[in-house]
Amino acid sequence: MAKKSDLKTKENEASVLDFIQNTDSPASKSDCIELIQLMERTTNSKPKMWGPSIVGFGSYHYKYASGREGDWFVCGFSPRKHGLSVYLMCDLQKPSVLLKNLGKFKMGKSCLNIKTLADIDLNVLEKLIIHTLQKTKEQ
């Protein structure tokens, strides 16, 4: 039996391609394929499903001062009704020159919400992913 504090979103063996094929719009599917290629190349990790709706790349172990610990993906994304949620495991709340140059997006609590990849500069997103890789290695 899982403890109340256990994470529900865990890496699993579900098919990433099946998940992408079942997204709602063709535009979203092509954006997902492009994100998979970018994140796989940048992280040198294969895509894995995390929970039922997040495609994650790489993983790292974290441990908080409270003693809570777990494993999480380094970066990932999820197609949503509004567009794409891009998850980067670094402090996105800090002002960043990279974020200023990214393009059109909205900041979520722990992610970037992007309507379509055409709205952003993919070179800047790649730099943000590299920054995320560096930050998770430091932890």
# chains A, B, ... in the order shown; residues from 1 in each chain; ligands from 1

$ residues_around --residues "Pro79 (chain A)" --least-positions-apart "6" --cutoff "10 Å" --atoms "only C-alpha atoms" --output "PDB file with N, CA and C atoms, in the first residue's frame"
ATOM      1  N   PHE A  19       1.354   6.833 -26.687  1.00  0.00           N
ATOM      2  CA  PHE A  19       0.828   8.017 -26.005  1.00  0.00           C
ATOM      3  C   PHE A  19       0.740   9.201 -26.970  1.00  0.00           C
ATOM      4  N   ILE A  20       1.803   9.447 -27.722  1.00  0.00           N
ATOM      5  CA  ILE A  20       1.833  10.571 -28.665  1.00  0.00           C
ATOM      6  C   ILE A  20       0.784  10.377 -29.757  1.00  0.00           C
ATOM      7  N   THR A  23      -2.672  11.676 -28.880  1.00  0.00           N
ATOM      8  CA  THR A  23      -2.926  13.080 -28.561  1.00  0.00           C
ATOM      9  C   THR A  23      -3.988  13.612 -29.502  1.00  0.00           C
ATOM     10  N   ASP A  24      -4.612  14.715 -29.120  1.00  0.00           N
ATOM     11  CA  ASP A  24      -5.784  15.224 -29.826  1.00  0.00           C
ATOM     12  C   ASP A  24      -5.543  15.795 -31.215  1.00  0.00           C
ATOM     13  N   SER A  25      -4.534  16.638 -31.385  1.00  0.00           N
ATOM     14  CA  SER A  25      -4.406  17.338 -32.663  1.00  0.00           C
ATOM     15  C   SER A  25      -3.146  16.951 -33.416  1.00  0.00           C
ATOM     16  N   SER A  28      -0.177  19.056 -32.455  1.00  0.00           N
ATOM     17  CA  SER A  28       0.402  18.645 -31.186  1.00  0.00           C
ATOM     18  C   SER A  28       1.306  17.431 -31.379  1.00  0.00           C
ATOM     19  N   LYS A  29       0.891  16.487 -32.230  1.00  0.00           N
ATOM     20  CA  LYS A  29       1.707  15.297 -32.485  1.00  0.00           C
ATOM     21  C   LYS A  29       3.049  15.671 -33.090  1.00  0.00           C
ATOM     22  N   ASP A  31       4.587  18.560 -32.869  1.00  0.00           N
ATOM     23  CA  ASP A  31       5.355  19.269 -31.842  1.00  0.00           C
ATOM     24  C   ASP A  31       5.944  18.273 -30.835  1.00  0.00           C
ATOM     25  N   CYS A  32       5.165  17.254 -30.475  1.00  0.00           N
ATOM     26  CA  CYS A  32       5.652  16.239 -29.535  1.00  0.00           C
ATOM     27  C   CYS A  32       6.846  15.485 -30.118  1.00  0.00           C
ATOM     28  N   SER A  53       0.751  10.644 -18.407  1.00  0.00           N
ATOM     29  CA  SER A  53       0.696  11.730 -19.389  1.00  0.00           C
ATOM     30  C   SER A  53       1.936  12.607 -19.507  1.00  0.00           C
ATOM     31  N   ILE A  54       3.059  12.184 -18.939  1.00  0.00           N
ATOM     32  CA  ILE A  54       4.287  12.975 -19.040  1.00  0.00           C
ATOM     33  C   ILE A  54       5.369  12.136 -19.703  1.00  0.00           C
ATOM     34  N   VAL A  55       6.026  12.723 -20.712  1.00  0.00           N
ATOM     35  CA  VAL A  55       7.183  12.092 -21.342  1.00  0.00           C
ATOM     36  C   VAL A  55       8.412  12.729 -20.694  1.00  0.00           C
ATOM     37  N   SER A  85       2.981  21.522 -21.986  1.00  0.00           N
ATOM     38  CA  SER A  85       3.636  21.874 -20.730  1.00  0.00           C
ATOM     39  C   SER A  85       5.031  21.290 -20.803  1.00  0.00           C
ATOM     40  N   VAL A  86       6.038  22.136 -20.670  1.00  0.00           N
ATOM     41  CA  VAL A  86       7.437  21.707 -20.719  1.00  0.00           C
ATOM     42  C   VAL A  86       8.008  21.832 -19.310  1.00  0.00           C
ATOM     43  N   ASN A 113       4.317  26.816 -20.197  1.00  0.00           N
ATOM     44  CA  ASN A 113       3.164  26.454 -21.011  1.00  0.00           C
ATOM     45  C   ASN A 113       3.300  27.142 -22.363  1.00  0.00           C
ATOM     46  N   ILE A 114       3.320  26.333 -23.406  1.00  0.00           N
ATOM     47  CA  ILE A 114       3.566  26.802 -24.762  1.00  0.00           C
ATOM     48  C   ILE A 114       2.432  26.312 -25.656  1.00  0.00           C
ATOM     49  N   LYS A 115       1.835  27.218 -26.425  1.00  0.00           N
ATOM     50  CA  LYS A 115       0.755  26.788 -27.325  1.00  0.00           C
ATOM     51  C   LYS A 115       1.282  25.897 -28.432  1.00  0.00           C
TER      52      LYS A 115
END

$ residues_around --residues "region 44-48 of chain A" --least-positions-apart "4" --cutoff "8 Å" --atoms "only C-alpha atoms" --output "list in words"
Glu11, Asn12, Glu13, Ala14, Ser15, Val16, Ile36, Met39, Glu40, Val55, Gly56, Phe57 and Gly58 of chain A

$ write_last_selection --atoms "N, CA and C atoms" --output "PDB file, in the first residue's frame"
ATOM      1  N   GLU A  11       8.173   6.694 -13.239  1.00  0.00           N
ATOM      2  CA  GLU A  11       8.573   6.134 -14.533  1.00  0.00           C
ATOM      3  C   GLU A  11       7.900   4.780 -14.711  1.00  0.00           C
ATOM      4  N   ASN A  12       7.430   4.525 -15.932  1.00  0.00           N
ATOM      5  CA  ASN A  12       6.788   3.249 -16.211  1.00  0.00           C
ATOM      6  C   ASN A  12       7.144   2.775 -17.619  1.00  0.00           C
ATOM      7  N   GLU A  13       6.671   1.629 -17.985  1.00  0.00           N
ATOM      8  CA  GLU A  13       7.025   1.020 -19.275  1.00  0.00           C
ATOM      9  C   GLU A  13       6.000   1.278 -20.375  1.00  0.00           C
ATOM     10  N   ALA A  14       5.046   2.165 -20.159  1.00  0.00           N
ATOM     11  CA  ALA A  14       4.052   2.473 -21.201  1.00  0.00           C
ATOM     12  C   ALA A  14       4.767   3.026 -22.436  1.00  0.00           C
ATOM     13  N   SER A  15       4.164   2.844 -23.581  1.00  0.00           N
ATOM     14  CA  SER A  15       4.759   3.264 -24.841  1.00  0.00           C
ATOM     15  C   SER A  15       4.613   4.773 -25.052  1.00  0.00           C
ATOM     16  N   VAL A  16       5.751   5.442 -25.237  1.00  0.00           N
ATOM     17  CA  VAL A  16       5.738   6.876 -25.531  1.00  0.00           C
ATOM     18  C   VAL A  16       5.066   7.120 -26.883  1.00  0.00           C
ATOM     19  N   ILE A  36      10.566  15.414 -28.569  1.00  0.00           N
ATOM     20  CA  ILE A  36      11.247  14.154 -28.263  1.00  0.00           C
ATOM     21  C   ILE A  36      12.640  14.164 -28.875  1.00  0.00           C
ATOM     22  N   MET A  39      14.876  16.798 -26.937  1.00  0.00           N
ATOM     23  CA  MET A  39      15.218  16.407 -25.567  1.00  0.00           C
ATOM     24  C   MET A  39      16.086  15.152 -25.543  1.00  0.00           C
ATOM     25  N   GLU A  40      15.833  14.214 -26.453  1.00  0.00           N
ATOM     26  CA  GLU A  40      16.651  13.003 -26.510  1.00  0.00           C
ATOM     27  C   GLU A  40      18.089  13.352 -26.901  1.00  0.00           C
ATOM     28  N   VAL A  55       6.026  12.723 -20.712  1.00  0.00           N
ATOM     29  CA  VAL A  55       7.183  12.092 -21.342  1.00  0.00           C
ATOM     30  C   VAL A  55       8.412  12.729 -20.694  1.00  0.00           C
ATOM     31  N   GLY A  56       9.225  11.908 -20.038  1.00  0.00           N
ATOM     32  CA  GLY A  56      10.390  12.417 -19.327  1.00  0.00           C
ATOM     33  C   GLY A  56      11.687  11.866 -19.886  1.00  0.00           C
ATOM     34  N   PHE A  57      12.755  12.611 -19.633  1.00  0.00           N
ATOM     35  CA  PHE A  57      14.089  12.239 -20.117  1.00  0.00           C
ATOM     36  C   PHE A  57      15.066  12.274 -18.964  1.00  0.00           C
ATOM     37  N   GLY A  58      15.849  11.208 -18.838  1.00  0.00           N
ATOM     38  CA  GLY A  58      16.809  11.128 -17.761  1.00  0.00           C
ATOM     39  C   GLY A  58      16.099  11.010 -16.423  1.00  0.00           C
TER      40      GLY A  58
END

$ residues_around --residues "Thr43 (chain A)" --least-positions-apart "6" --cutoff "10 Å" --atoms "only C-alpha atoms" --output "list in words"
Phe57, Gly58, Val74, Cys75, Glu126, Ile129, Ile130, Thr132 and Leu133 of chain A

$ residues_around --residues "Thr116 (chain A)" --least-positions-apart "3" --cutoff "9 Å" --atoms "only C-alpha atoms" --output "count of residues only"
7

$ closest_residue --among "A:Ala65, A:Leu35, A:Cys90, A:Leu125" --to "Phe105 (chain A)" --atoms "only C-alpha atoms"
A:Leu125

$ select_by_dssp --residues "chain A" --states "strand (DSSP E)" --output "PyMOL selection string"
chain A and resi 11-12+47-50+54-57+60-63+69-72+75-80+83-88+106-107+112-114

$ atom_distance --atom1 "CA of Lys63 (chain A)" --atom2 "CA of Glu138 (chain A)"
13.0 Å
